[in-house]
Every structure is written in C-alpha cells, then in structure tokens.
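Colleague: Handing over data-v4.cif, mmCIF, C-alpha atoms and all ligand atoms.
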data_model
loop_
_atom_site.label_atom_id
_atom_site.label_comp_id
_atom_site.auth_asym_id
_atom_site.auth_seq_id
_atom_site.Cartn_x
_atom_site.Cartn_y
_atom_site.Cartn_z
CA MET A 17 -9.42 44.05 2.63
CA ASN A 18 -8.92 47.83 2.65
CA LYS A 19 -11.15 50.27 0.86
CA THR A 20 -8.86 50.91 -2.10
CA TRP A 21 -8.53 47.22 -2.86
CA LYS A 22 -12.25 46.78 -2.60
CA HIS A 23 -12.77 49.56 -5.13
CA THR A 24 -10.24 48.10 -7.48
CA LEU A 25 -11.93 44.72 -7.27
CA VAL A 26 -15.37 46.18 -7.96
CA ALA A 27 -13.98 48.12 -10.92
CA LEU A 28 -12.25 45.02 -12.26
CA THR A 29 -15.38 42.91 -11.96
CA ALA A 30 -17.38 45.60 -13.76
CA ALA A 31 -14.80 45.82 -16.54
CA LEU A 32 -14.84 42.06 -16.90
CA SER A 33 -18.60 41.78 -17.17
CA CYS A 34 -18.59 44.62 -19.71
CA ALA A 35 -16.06 42.70 -21.76
CA VAL A 36 -18.21 39.56 -21.56
CA ALA A 37 -21.29 41.55 -22.56
CA GLY A 38 -19.28 43.04 -25.42
CA VAL A 39 -18.43 39.59 -26.73
CA ALA A 40 -22.06 38.54 -26.50
CA ALA A 41 -23.18 41.64 -28.39
CA ALA A 42 -20.57 41.06 -31.09
CA GLN A 43 -21.89 37.53 -31.52
CA ASP A 44 -25.33 38.94 -32.19
CA ILE A 45 -24.04 40.83 -35.21
CA LYS A 46 -24.28 37.93 -37.61
CA PRO A 47 -23.43 36.63 -39.98
CA ARG A 48 -20.00 37.62 -41.02
CA LEU A 49 -19.49 37.60 -44.77
CA ILE A 50 -20.40 34.19 -46.16
CA ARG A 51 -17.65 32.80 -48.38
CA PHE A 52 -19.06 30.43 -51.00
CA GLY A 53 -16.47 28.44 -52.97
CA TYR A 54 -16.76 26.32 -56.11
CA GLY A 55 -14.44 24.54 -58.51
CA LEU A 56 -15.53 25.59 -62.00
CA ASN A 57 -15.02 28.94 -63.77
CA ASP A 58 -17.14 32.00 -63.13
CA ASP A 59 -18.72 31.46 -66.53
CA SER A 60 -20.10 27.99 -65.83
CA VAL A 61 -23.29 26.48 -64.50
CA GLN A 62 -21.74 26.62 -61.02
CA GLY A 63 -20.72 30.25 -61.39
CA ARG A 64 -24.13 31.40 -62.58
CA ALA A 65 -25.96 29.47 -59.87
CA ALA A 66 -23.57 30.66 -57.15
CA ARG A 67 -24.27 34.27 -58.09
CA HIS A 68 -27.99 33.50 -58.17
CA LEU A 69 -27.73 32.07 -54.64
CA ALA A 70 -25.87 35.13 -53.37
CA GLN A 71 -28.42 37.51 -54.90
CA GLU A 72 -31.35 35.49 -53.62
CA LEU A 73 -29.96 35.48 -50.08
CA GLU A 74 -29.29 39.19 -50.15
CA LYS A 75 -32.84 39.81 -51.40
CA LEU A 76 -34.54 37.45 -48.92
CA SER A 77 -32.61 38.92 -45.98
CA GLY A 78 -33.25 42.51 -47.01
CA GLY A 79 -29.53 43.01 -47.57
CA LYS A 80 -28.50 41.76 -44.11
CA MET A 81 -26.84 38.57 -45.27
CA LYS A 82 -23.97 38.97 -47.67
CA MET A 83 -22.34 36.22 -49.68
CA LYS A 84 -19.19 36.46 -51.74
CA THR A 85 -18.59 33.78 -54.37
CA PHE A 86 -15.15 32.33 -55.18
CA GLY A 87 -14.82 30.29 -58.38
CA SER A 88 -12.08 28.29 -60.12
CA ALA A 89 -11.15 26.52 -56.88
CA SER A 90 -9.60 29.76 -55.62
CA LEU A 91 -10.49 28.66 -52.08
CA GLY A 92 -9.19 25.16 -52.84
CA SER A 93 -10.28 21.93 -54.48
CA ASP A 94 -13.56 20.27 -53.47
CA GLU A 95 -11.58 18.14 -51.01
CA GLN A 96 -9.77 21.11 -49.46
CA MET A 97 -12.94 23.17 -49.16
CA GLN A 98 -14.71 20.26 -47.49
CA SER A 99 -12.00 20.24 -44.81
CA ALA A 100 -12.17 24.02 -44.46
CA LEU A 101 -15.91 23.79 -43.84
CA VAL A 102 -15.46 21.04 -41.26
CA GLY A 103 -12.83 23.17 -39.52
CA GLY A 104 -15.12 26.20 -39.59
CA VAL A 105 -12.69 28.40 -41.55
CA GLN A 106 -14.95 28.65 -44.62
CA GLU A 107 -18.72 29.00 -44.53
CA MET A 108 -20.14 27.44 -47.70
CA MET A 109 -19.33 25.64 -50.95
CA VAL A 110 -20.71 23.48 -53.70
CA GLY A 111 -18.90 20.33 -54.74
CA SER A 112 -19.26 16.80 -56.04
CA THR A 113 -20.66 13.92 -54.04
CA ALA A 114 -17.64 11.78 -54.98
CA PRO A 115 -15.17 13.24 -52.45
CA LEU A 116 -17.92 13.26 -49.81
CA ALA A 117 -17.86 9.47 -49.98
CA THR A 118 -14.59 9.47 -48.06
CA MET A 119 -16.55 10.90 -45.08
CA VAL A 120 -19.93 9.25 -45.62
CA LYS A 121 -19.36 6.16 -47.73
CA GLU A 122 -23.02 6.01 -48.80
CA PHE A 123 -22.43 8.94 -51.17
CA GLY A 124 -20.51 6.44 -53.28
CA VAL A 125 -23.87 5.24 -54.69
CA PHE A 126 -23.80 8.20 -57.05
CA ASP A 127 -20.65 6.86 -58.67
CA LEU A 128 -22.35 3.59 -59.59
CA PRO A 129 -22.69 3.69 -63.36
CA PHE A 130 -25.82 3.35 -65.50
CA LEU A 131 -28.37 3.91 -62.73
CA PHE A 132 -30.35 6.95 -63.83
CA ASN A 133 -31.78 7.23 -67.34
CA SER A 134 -32.97 10.81 -67.17
CA ASP A 135 -32.55 14.00 -65.20
CA LYS A 136 -36.20 13.68 -64.17
CA GLU A 137 -35.37 10.44 -62.34
CA ALA A 138 -32.35 12.02 -60.72
CA ASP A 139 -34.38 15.00 -59.44
CA ALA A 140 -37.02 12.70 -57.95
CA VAL A 141 -34.52 10.54 -56.10
CA LEU A 142 -32.25 13.35 -54.94
CA ASP A 143 -35.10 15.52 -53.66
CA GLY A 144 -36.85 12.47 -52.16
CA PRO A 145 -36.36 10.69 -48.82
CA LEU A 146 -33.15 8.91 -49.84
CA GLY A 147 -31.43 12.08 -51.01
CA GLU A 148 -32.52 13.81 -47.82
CA ARG A 149 -31.26 11.00 -45.61
CA LEU A 150 -27.83 11.10 -47.20
CA LEU A 151 -27.60 14.85 -46.64
CA LYS A 152 -28.52 14.34 -42.96
CA MET A 153 -25.64 11.87 -42.55
CA LEU A 154 -23.22 14.76 -43.16
CA ASP A 155 -24.26 16.43 -39.90
CA ALA A 156 -22.22 14.04 -37.78
CA LYS A 157 -19.17 14.84 -39.94
CA GLY A 158 -19.35 18.59 -39.45
CA LEU A 159 -21.18 19.50 -42.66
CA VAL A 160 -24.72 20.67 -43.38
CA GLY A 161 -25.98 19.37 -46.74
CA LEU A 162 -28.55 21.80 -48.12
CA VAL A 163 -29.58 20.89 -51.68
CA TYR A 164 -28.43 18.98 -54.73
CA TRP A 165 -27.50 20.83 -57.88
CA GLU A 166 -27.12 19.08 -61.22
CA ASN A 167 -23.62 18.23 -62.32
CA GLY A 168 -25.09 15.85 -64.87
CA PHE A 169 -24.54 12.84 -67.08
CA ARG A 170 -20.85 12.29 -67.59
CA ASN A 171 -19.07 11.62 -70.88
CA LEU A 172 -15.52 10.72 -71.81
CA THR A 173 -12.89 12.86 -73.48
CA ASN A 174 -9.33 11.93 -74.39
CA SER A 175 -6.37 12.99 -76.49
CA ARG A 176 -5.46 9.61 -77.98
CA HIS A 177 -8.20 8.26 -80.23
CA PRO A 178 -11.97 7.86 -80.54
CA VAL A 179 -13.49 5.52 -77.98
CA VAL A 180 -16.10 3.37 -79.69
CA LYS A 181 -15.96 0.35 -77.40
CA ALA A 182 -14.61 -0.44 -73.94
CA GLU A 183 -11.46 -2.00 -75.42
CA ASP A 184 -10.50 1.44 -76.76
CA LEU A 185 -9.95 2.52 -73.15
CA GLN A 186 -7.11 0.05 -72.77
CA GLY A 187 -3.96 1.92 -71.79
CA ILE A 188 -5.68 5.28 -71.52
CA LYS A 189 -4.67 7.15 -68.40
CA LEU A 190 -8.01 8.48 -67.28
CA ARG A 191 -8.47 10.98 -64.48
CA VAL A 192 -11.34 9.96 -62.19
CA MET A 193 -12.92 11.57 -59.15
CA GLN A 194 -11.37 10.68 -55.85
CA ASN A 195 -13.12 7.66 -54.44
CA GLN A 196 -12.89 3.89 -54.59
CA VAL A 197 -16.08 3.40 -56.57
CA ALA A 198 -15.06 5.65 -59.45
CA LEU A 199 -11.59 4.10 -59.45
CA GLY A 200 -12.98 0.55 -59.55
CA VAL A 201 -15.48 1.32 -62.29
CA PHE A 202 -12.97 2.76 -64.73
CA ASN A 203 -10.34 0.16 -64.07
CA ALA A 204 -13.00 -2.48 -64.78
CA LEU A 205 -13.71 -0.77 -68.09
CA GLY A 206 -10.07 -1.24 -68.99
CA ALA A 207 -8.73 2.26 -68.42
CA ASN A 208 -5.76 3.13 -66.26
CA ALA A 209 -7.71 5.18 -63.70
CA VAL A 210 -5.89 8.02 -61.93
CA PRO A 211 -7.69 9.79 -59.04
CA MET A 212 -6.97 13.53 -59.00
CA PRO A 213 -8.71 16.70 -57.76
CA PHE A 214 -10.59 18.55 -60.49
CA SER A 215 -8.56 21.69 -59.83
CA GLU A 216 -5.43 19.98 -61.20
CA LEU A 217 -7.14 18.44 -64.20
CA PHE A 218 -6.69 20.99 -66.98
CA THR A 219 -2.93 21.17 -66.48
CA ALA A 220 -2.70 17.40 -66.22
CA LEU A 221 -4.50 17.07 -69.57
CA GLU A 222 -2.43 19.80 -71.16
CA THR A 223 0.88 18.29 -70.07
CA ARG A 224 -0.42 14.82 -70.92
CA THR A 225 0.09 13.59 -67.40
CA VAL A 226 -3.25 11.97 -68.11
CA ASP A 227 -4.83 11.19 -71.49
CA GLY A 228 -8.44 11.70 -70.65
CA GLN A 229 -11.19 12.49 -68.19
CA GLU A 230 -14.95 12.28 -67.83
CA ASN A 231 -17.42 15.06 -67.04
CA PRO A 232 -20.72 16.47 -68.30
CA VAL A 233 -20.55 18.44 -71.57
CA THR A 234 -21.32 21.67 -69.70
CA THR A 235 -18.04 21.30 -67.80
CA ILE A 236 -16.08 20.10 -70.84
CA GLN A 237 -17.15 23.35 -72.46
CA SER A 238 -16.79 25.81 -69.56
CA SER A 239 -13.41 24.37 -68.52
CA LYS A 240 -12.25 24.54 -72.16
CA PHE A 241 -11.16 20.91 -72.20
CA TYR A 242 -11.75 21.02 -75.97
CA GLU A 243 -8.45 22.89 -76.23
CA VAL A 244 -6.53 19.83 -75.09
CA GLN A 245 -8.92 16.91 -75.73
CA PRO A 246 -9.81 16.26 -79.38
CA TYR A 247 -12.09 13.27 -78.75
CA LEU A 248 -15.46 13.28 -77.04
CA THR A 249 -17.38 10.07 -76.51
CA ILE A 250 -21.00 10.33 -75.45
CA THR A 251 -21.47 7.56 -72.90
CA ARG A 252 -23.71 9.15 -70.24
CA HIS A 253 -22.19 6.46 -68.04
CA VAL A 254 -23.14 8.06 -64.74
CA TYR A 255 -25.23 10.95 -63.43
CA THR A 256 -23.44 12.75 -60.62
CA PRO A 257 -24.86 15.58 -58.51
CA TRP A 258 -23.27 18.44 -56.65
CA VAL A 259 -24.16 19.28 -53.05
CA VAL A 260 -24.44 22.77 -51.60
CA LEU A 261 -22.77 22.55 -48.20
CA ALA A 262 -22.38 24.71 -45.11
CA SER A 263 -19.90 24.40 -42.29
CA LYS A 264 -21.74 22.89 -39.31
CA LYS A 265 -19.53 24.82 -36.88
CA TRP A 266 -20.61 28.06 -38.52
CA TRP A 267 -24.21 26.99 -39.15
CA ASP A 268 -24.74 26.37 -35.43
CA THR A 269 -23.88 29.99 -34.68
CA LEU A 270 -26.72 31.25 -36.92
CA SER A 271 -30.21 32.05 -35.69
CA PRO A 272 -33.08 29.82 -36.85
CA ASP A 273 -34.26 32.70 -39.06
CA GLU A 274 -30.88 33.02 -40.73
CA GLN A 275 -30.76 29.27 -41.30
CA LYS A 276 -34.21 29.38 -42.84
CA LEU A 277 -33.23 32.14 -45.26
CA ILE A 278 -30.16 30.22 -46.39
CA ARG A 279 -32.26 27.09 -46.94
CA GLN A 280 -34.77 29.10 -48.99
CA ALA A 281 -32.07 30.70 -51.10
CA ALA A 282 -30.45 27.29 -51.61
CA VAL A 283 -33.70 25.80 -52.92
CA ALA A 284 -34.11 28.75 -55.30
CA SER A 285 -30.54 28.27 -56.53
CA ARG A 286 -31.19 24.56 -57.09
CA ASP A 287 -34.20 25.21 -59.32
CA PHE A 288 -32.31 27.90 -61.22
CA GLU A 289 -29.23 25.73 -61.63
CA ARG A 290 -31.02 22.65 -62.94
CA GLN A 291 -32.86 24.66 -65.55
CA ASP A 292 -29.69 26.46 -66.57
CA SER A 293 -27.72 23.21 -66.71
CA ARG A 294 -30.25 21.57 -69.03
CA ALA A 295 -30.38 24.53 -71.37
CA ASP A 296 -26.60 24.85 -71.27
CA SER A 297 -26.03 21.17 -72.18
CA LYS A 298 -27.58 21.75 -75.59
CA LYS A 299 -25.53 24.89 -76.18
CA ALA A 300 -22.36 23.22 -74.95
CA MET A 301 -22.63 20.43 -77.54
CA ASP A 302 -22.76 23.03 -80.32
CA THR A 303 -19.79 24.88 -78.90
CA LEU A 304 -17.75 21.67 -78.65
CA LYS A 305 -18.54 20.87 -82.30
CA GLU A 306 -17.58 24.39 -83.34
CA HIS A 307 -14.25 23.92 -81.61
CA GLY A 308 -13.63 20.86 -83.73
CA MET A 309 -14.01 18.09 -81.20
CA LYS A 310 -14.55 14.74 -82.84
CA ILE A 311 -17.70 13.39 -81.25
CA ASN A 312 -19.14 9.88 -81.30
CA VAL A 313 -22.06 8.34 -79.45
CA VAL A 314 -21.50 4.87 -77.99
CA SER A 315 -24.07 2.41 -79.31
CA ASP A 316 -26.65 0.74 -77.07
CA GLU A 317 -25.02 -2.65 -77.64
CA GLU A 318 -21.67 -1.29 -76.49
CA ILE A 319 -23.27 0.29 -73.42
CA ALA A 320 -24.73 -3.14 -72.62
CA ARG A 321 -21.24 -4.66 -72.87
CA MET A 322 -19.82 -1.94 -70.65
CA ARG A 323 -22.54 -2.64 -68.10
CA GLN A 324 -21.45 -6.27 -68.04
CA LYS A 325 -17.82 -5.32 -67.54
CA VAL A 326 -18.56 -3.14 -64.54
CA GLN A 327 -21.08 -5.51 -62.95
CA PRO A 328 -18.52 -7.14 -60.60
CA VAL A 329 -17.56 -3.68 -59.26
CA VAL A 330 -21.21 -2.75 -58.90
CA ASP A 331 -21.85 -5.98 -56.94
CA LYS A 332 -18.84 -5.45 -54.69
CA THR A 333 -19.72 -1.81 -54.07
CA THR A 334 -23.32 -2.75 -53.33
CA GLN A 335 -22.10 -5.05 -50.55
CA GLU A 336 -19.83 -2.35 -49.15
CA LEU A 337 -22.35 0.48 -49.21
CA GLY A 338 -25.24 -1.63 -47.99
CA PRO A 339 -27.46 -3.75 -50.23
CA GLU A 340 -30.61 -2.16 -48.71
CA LEU A 341 -29.46 1.31 -49.70
CA VAL A 342 -28.77 0.31 -53.30
CA LYS A 343 -32.07 -1.58 -53.46
CA GLU A 344 -33.95 1.43 -52.13
CA LEU A 345 -32.22 3.65 -54.69
CA GLN A 346 -33.20 1.32 -57.52
CA GLU A 347 -36.79 1.17 -56.27
CA GLU A 348 -37.02 4.95 -56.11
CA ILE A 349 -35.66 5.19 -59.66
CA GLN A 350 -38.27 2.66 -60.81
CA LYS A 351 -40.99 4.70 -59.12
CA ALA A 352 -39.80 7.86 -60.86
CA ARG A 353 -39.66 5.96 -64.15
CA GLY A 354 -43.36 5.27 -63.62
C1 LIG B 401 -15.57 20.80 -59.66
C2 LIG B 401 -15.83 19.29 -59.60
C3 LIG B 401 -16.32 18.74 -60.92
C4 LIG B 401 -16.52 17.23 -60.87
C5 LIG B 401 -15.17 16.53 -61.01
O1 LIG B 401 -14.91 21.21 -58.51
O2 LIG B 401 -14.41 16.51 -60.05
O3 LIG B 401 -14.89 16.00 -62.08
O4 LIG B 401 -17.36 16.80 -61.89
O5 LIG B 401 -17.54 19.36 -61.22
O6 LIG B 401 -16.79 19.03 -58.55
#
Go ahead and express the file in the form of structure tokens.
Modeller:
Amino acid sequence: MNKTWKHTLVALTAALSCAVAGVAAAQDIKPRLIRFGYGLNDDSVQGRAARHLAQELEKLSGGKMKMKTFGSASLGSDEQMQSALVGGVQEMMVGSTAPLATMVKEFGVFDLPFLFNSDKEADAVLDGPLGERLLKMLDAKGLVGLVYWENGFRNLTNSRHPVVKAEDLQGIKLRVMQNQVALGVFNALGANAVPMPFSELFTALETRTVDGQENPVTTIQSSKFYEVQPYLTITRHVYTPWVVLASKKWWDTLSPDEQKLIRQAAVASRDFERQDSRADSKKAMDTLKEHGMKINVVSDEEIARMRQKVQPVVDKTTQELGPELVKELQEEIQKARG
C-alpha cells in the first residue's frame, strides 16, 4: 500500500468513527417530542387529564421532557394508535382496555358486566396486584402499560325508544367496543351488537347507521351524543377503565431516570383524572337533562334479569379467559367491598 492510500484509509476510518460517535451523541439527546394521543375531545375528562400529564412531566423534568397532546382521535382510533405504539411511530396514548383484549385476551375481564359496584372497588382492583399483572402482560406485545384512568360505569343511549327492560333492546343496532366479550354480552341482552371504533361513532349515530351505544355519562356529554340520542338509560352495566400506554420500542430507548419521571407523571395524572371524572359525572347528568335527554334508571329487578340473560356469556368467557383469573378478580372485589 502506498503512502497516499494509507492516508486516505486513515482519514476514512477517522471520518467513519466520527460519524458513529455523532450518532451516539444524537441518541443521548432524548427524548424527542412525546406525542400523546386520545380519542375524546379536548374538553373531556381525557383531554383535561392529558394536559395535566403533559404539564406534570414538564415540571418534573425541569422542562427537559416535552409532551404534545392530540385529542379527538386525530392520531387515529384506539386500535390504530395501539398499532402505532407497537411499531414505534407514536410514543404514548390513552385508550380503552377493550381493544387491548385482541392482544392480551385477559383484558376482556373488564368487559364482563355487573362486576364492580363502585369506583372504590375498581380503584382497589386496578391498582392492586391483578391490575399490575395485566399491565405487565403488555410488555411482550410491544406496549408498556403505565396506569389506569377511569372511563367509568357505562350506560345506554339510543334514538328509538326508552329502554326499561332487556326486551326493549330487541332490534336495536347497538355499537359496542371491539372485542368478543362486549359483542357476546350485548347480543345476549337482545341487541343487534355492531363492533365499531369510537372515532366513527358520532357519525354512525347521526346517520342512523346504528341506533345506540353505551358509554359513561361523562363521554355522552363531552362527545355531544345528546344531539343525536334522545334516550338515556342508566344501567351501569359495566365499569371499564382506560390504560395509559407507551410504545415499548420507544420506552427502551429512554434512560431509567426518564422512565421514572414518566411513571411519576402518569400516577399524578391518574389521581387527577379519577377525581375529575367523578366530579364531572355529576355535572354531566345535569347537562344531559338540560339538553332534553329522556332519562330512566333501570330497576334492580330488571338488572337482576339482565344478569341472568348474560350469565351464559359470562360463563363461556370465564372459561376462555381463565377461571382462576376471574375468580381472583371476584375475590379482590370482595376484599375491596370489605
Ligand atoms: C375513546 C374510547 C371510549 C370508549 C369506547 O377513544 O370506545 O366506547 O369508551 O372512551 O376509548
């Protein structure tokens, strides 16, 4: 090798190692802007809690970690955002447990009706060992489950007529969340259940593609379903949570300190959100009345009949999800009930 070549080679090697060092240095400048997506409007329990989370993180990190929130499913439906997180093209989101059940079937337990009686019971179980274990199961699927927020006790709305008993659901096309448990439950109650992402729901109600849906009153209010759904039936048939999620691909690039700050901010957002959700439920009922919704509360006897109707689905689902899991869930609820 002559001298000139040798020089060229040395120069090339130096340039290459500089480039490698440059990449390493760039990786140290973390994190890039954290995109946090959610499905409801900005002016909803999700919107308020998302902003709280972003502020908390900025405060805890001394302004180093920046989060931008995207509401109204502008980054996609829960299902689409889940995939984006798995692929590492979006950092964080909050969404329902129902679509998570297609990845980790055990999340389907939260679609079993008439389990929780109060939000206190739900908090205890979700923040306890069982709730934690379910979140951990997401790891293997490319998601990091951080905390549970309250979505809440769900109630029925429709555009056809008041629902006083299960038979009134006959022939009602009812949008349900996208998993087998929810589908089975509402078909068993007599409705014509139609799975659909939440992001398509308002239009589907407005165009009468479906007649009804079920969600907590906070969502019925913030999503303005009262504009297209005259009837509200208080059933509290199921308590469903939301999960704050991070992309595992992205999470693994963060330092332990950064991960800790996000966890702290997530816990703060959870406490804020649950309080806000409970206060907002009361306000939402008033707003729905003011907007002229016709509201009825299903009697205890009717709830008992509905329980009977869905029992076969509950039994079948219990077998599919694991009888031990369902038993453990029931025991934890009993414990919380005291
Ligand atoms: C919002 C949904 C919604 C949920 C549903 O993206 O799908 O009905 O209750 O809150 O996660």
Colleague: Once you count only C-alpha atoms and all ligand atoms, what closest atom pair and distance in Å to one decimal does each residue of chain A within 10 Å of ligand LIG 401 (chain B) have, with rows by chain and rising residue number, as CSV?
Modeller:
residue,atom,partner,partner_atom,distance
A:Gly53,CA,B:LIG401,O1,9.2
A:Tyr54,CA,B:LIG401,O1,5.9
A:Gly55,CA,B:LIG401,O1,3.4
A:Leu56,CA,B:LIG401,C1,5.3
A:Asn57,CA,B:LIG401,C1,9.1
A:Val61,CA,B:LIG401,O5,9.7
A:Gln62,CA,B:LIG401,O5,8.4
A:Gly87,CA,B:LIG401,O1,9.1
A:Ser88,CA,B:LIG401,O1,7.8
A:Ala89,CA,B:LIG401,O1,6.7
A:Gly92,CA,B:LIG401,O1,9.0
A:Ser93,CA,B:LIG401,O1,6.2
A:Asp94,CA,B:LIG401,O1,5.3
A:Glu95,CA,B:LIG401,O1,8.8
A:Met97,CA,B:LIG401,O1,9.8
A:Met109,CA,B:LIG401,O1,9.8
A:Val110,CA,B:LIG401,O6,7.7
A:Gly111,CA,B:LIG401,O6,4.5
A:Ser112,CA,B:LIG401,O6,4.2
A:Thr113,CA,B:LIG401,O6,7.8
A:Ala114,CA,B:LIG401,O2,7.6
A:Pro115,CA,B:LIG401,O2,8.3
A:Glu166,CA,B:LIG401,O5,9.6
A:Asn167,CA,B:LIG401,O5,6.3
A:Gly168,CA,B:LIG401,O4,8.3
A:Phe169,CA,B:LIG401,O4,9.7
A:Arg170,CA,B:LIG401,O4,8.1
A:Arg191,CA,B:LIG401,O3,8.5
A:Val192,CA,B:LIG401,O3,7.0
A:Met193,CA,B:LIG401,O2,5.2
A:Gln194,CA,B:LIG401,O2,7.8
A:Pro211,CA,B:LIG401,O2,9.6
A:Met212,CA,B:LIG401,O2,8.1
A:Pro213,CA,B:LIG401,O2,6.1
A:Phe214,CA,B:LIG401,O2,4.4
A:Ser215,CA,B:LIG401,O1,6.5
A:Glu216,CA,B:LIG401,O2,9.7
A:Leu217,CA,B:LIG401,O3,8.4
A:Gln229,CA,B:LIG401,O3,8.0
A:Glu230,CA,B:LIG401,O3,6.8
A:Asn231,CA,B:LIG401,O4,5.4
A:Pro232,CA,B:LIG401,O4,7.2
A:Thr234,CA,B:LIG401,O5,9.6
A:Thr235,CA,B:LIG401,O5,6.9
A:Ile236,CA,B:LIG401,O4,9.6
A:Ser239,CA,B:LIG401,O5,9.8
A:Tyr255,CA,B:LIG401,O4,9.9
A:Thr256,CA,B:LIG401,O4,7.4
A:Pro257,CA,B:LIG401,O4,8.3
A:Trp258,CA,B:LIG401,O6,6.8
A:Val259,CA,B:LIG401,O6,9.2
Colleague: Store the residues picked out above in a file with C-alpha atoms, as a compact mmCIF listing (two decimals), in the frame of the given file.
Modeller:
# COMPACT_ATOMS: atom_id res chain seq x y z
CA GLY A 53 -16.47 28.44 -52.97
CA TYR A 54 -16.76 26.32 -56.11
CA GLY A 55 -14.44 24.54 -58.51
CA LEU A 56 -15.53 25.59 -62.00
CA ASN A 57 -15.02 28.94 -63.77
CA VAL A 61 -23.29 26.48 -64.50
CA GLN A 62 -21.74 26.62 -61.02
CA GLY A 87 -14.82 30.29 -58.38
CA SER A 88 -12.08 28.29 -60.12
CA ALA A 89 -11.15 26.52 -56.88
CA GLY A 92 -9.19 25.16 -52.84
CA SER A 93 -10.28 21.93 -54.48
CA ASP A 94 -13.56 20.27 -53.47
CA GLU A 95 -11.58 18.14 -51.01
CA MET A 97 -12.94 23.17 -49.16
CA MET A 109 -19.33 25.64 -50.95
CA VAL A 110 -20.71 23.48 -53.70
CA GLY A 111 -18.90 20.33 -54.74
CA SER A 112 -19.26 16.80 -56.04
CA THR A 113 -20.66 13.92 -54.04
CA ALA A 114 -17.64 11.78 -54.98
CA PRO A 115 -15.17 13.24 -52.45
CA GLU A 166 -27.12 19.08 -61.22
CA ASN A 167 -23.62 18.23 -62.32
CA GLY A 168 -25.09 15.85 -64.87
CA PHE A 169 -24.54 12.84 -67.08
CA ARG A 170 -20.85 12.29 -67.59
CA ARG A 191 -8.47 10.98 -64.48
CA VAL A 192 -11.34 9.96 -62.19
CA MET A 193 -12.92 11.57 -59.15
CA GLN A 194 -11.37 10.68 -55.85
CA PRO A 211 -7.69 9.79 -59.04
CA MET A 212 -6.97 13.53 -59.00
CA PRO A 213 -8.71 16.70 -57.76
CA PHE A 214 -10.59 18.55 -60.49
CA SER A 215 -8.56 21.69 -59.83
CA GLU A 216 -5.43 19.98 -61.20
CA LEU A 217 -7.14 18.44 -64.20
CA GLN A 229 -11.19 12.49 -68.19
CA GLU A 230 -14.95 12.28 -67.83
CA ASN A 231 -17.42 15.06 -67.04
CA PRO A 232 -20.72 16.47 -68.30
CA THR A 234 -21.32 21.67 -69.70
CA THR A 235 -18.04 21.30 -67.80
CA ILE A 236 -16.08 20.10 -70.84
CA SER A 239 -13.41 24.37 -68.52
CA TYR A 255 -25.23 10.95 -63.43
CA THR A 256 -23.44 12.75 -60.62
CA PRO A 257 -24.86 15.58 -58.51
CA TRP A 258 -23.27 18.44 -56.65
CA VAL A 259 -24.16 19.28 -53.05
Colleague: Using all atoms listed in the file, can you list as an MDAnalysis selection string the residues within 7 Å of (-7.8, 11.7, -75.4)?
Modeller: chainID A and resid 173:177 227:228 245:247
Colleague: Return the single residue from A:Lys310, A:Arg294, A:Arg224, A:Arg51 that is closest to Leu190 (chain A), with distances computed using only C-alpha atoms.
Modeller: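 Closest to Leu190 (chain A), using only C-alpha atoms: A:Arg224.
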Colleague: Within 7 Å of region 198-208 of chain A, counting all atoms listed in the file, which residues qualify if same-chain residues fewer than 3 places away don't, as an MDAnalysis selection string?
Modeller: chainID A and resid 127 182:183 185:190 192:193 195 211 322 325:326 329
Colleague: Name the closest residue to Arg279 (chain A) among the candidates A:Val330, A:Val244, A:Val163, A:Ala70; distances are taken between atoms, counting only C-alpha atoms.
Modeller: A:Val163
Colleague: Which is closer to Asn312 (chain A) than all the others in A:Leu261, A:Gly354, A:Leu172, A:Phe241, using only C-alpha atoms?
Modeller: A:Leu172
Colleague: Taking the point (-17.3, 13.4, -37.1) as given in the file, collect each protein or nucleic acid residue that comes within 12 Å of it, counting only C-alpha atoms, and present the set as a list in words.
Modeller: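 Collected hits near the coordinates: Ser99, Val102, Gly103, Thr118, Met119, Val120, Met153, Leu154, Asp155, Ala156, Lys157, Gly158, Leu159, Lys264 and Lys265 of chain A.
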Colleague: When you look at Leu49 (chain A) with a cut-off of 8 Å (counting all atoms listed in the file), what residues show up, excluding the ones that are within fewer than 4 positions of it in the same chain? I need them as a JSON list (two decimals) with C-alpha atoms, in the frame of the given file.
Modeller:
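Done, and the output landed in selection_14.json:
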[["chain", "number", "residue", "atom", "x", "y", "z"],
["A", 81, "MET", "CA", -26.84, 38.57, -45.27],
["A", 82, "LYS", "CA", -23.97, 38.97, -47.67],
["A", 83, "MET", "CA", -22.34, 36.22, -49.68],
["A", 84, "LYS", "CA", -19.19, 36.46, -51.74]]
Colleague: How many Å lie between CA of Ser77 (chain A) and CA of Pro145 (chain A), rounded to one decimal?
Modeller: 28.6 Å
Colleague: Give the answer as one residue: which of A:Ala220, A:Thr251, A:Gln196, A:Ala282 has the shortest atom-to-atom distance to Gly124 (chain A), using all atoms listed in the file?
Modeller: A:Gln196
Colleague: I'd like the interatomic distance between CA of Glu306 (chain A) and CA of Thr225 (chain A), to a tenth of an Å.
Modeller: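 We find that CA of Glu306 (chain A) and CA of Thr225 (chain A) lie 26.1 Å from each other.
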Colleague: In Å, with one decimal, what is the gap from CA of Asp135 (chain A) to CA of Trp165 (chain A)?
Modeller: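 Value for the CA of Asp135 (chain A)-CA of Trp165 (chain A) distance: 11.2 Å.
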Colleague: Identify which of the residues A:Val141, A:Gln237, A:Met108, A:Ala300 lies closest to Glu348 (chain A), counting only C-alpha atoms when measuring atom-to-atom distances.
Modeller: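 Of A:Val141, A:Gln237, A:Met108, A:Ala300, the one nearest Glu348 (chain A), counting only C-alpha atoms, is A:Val141.
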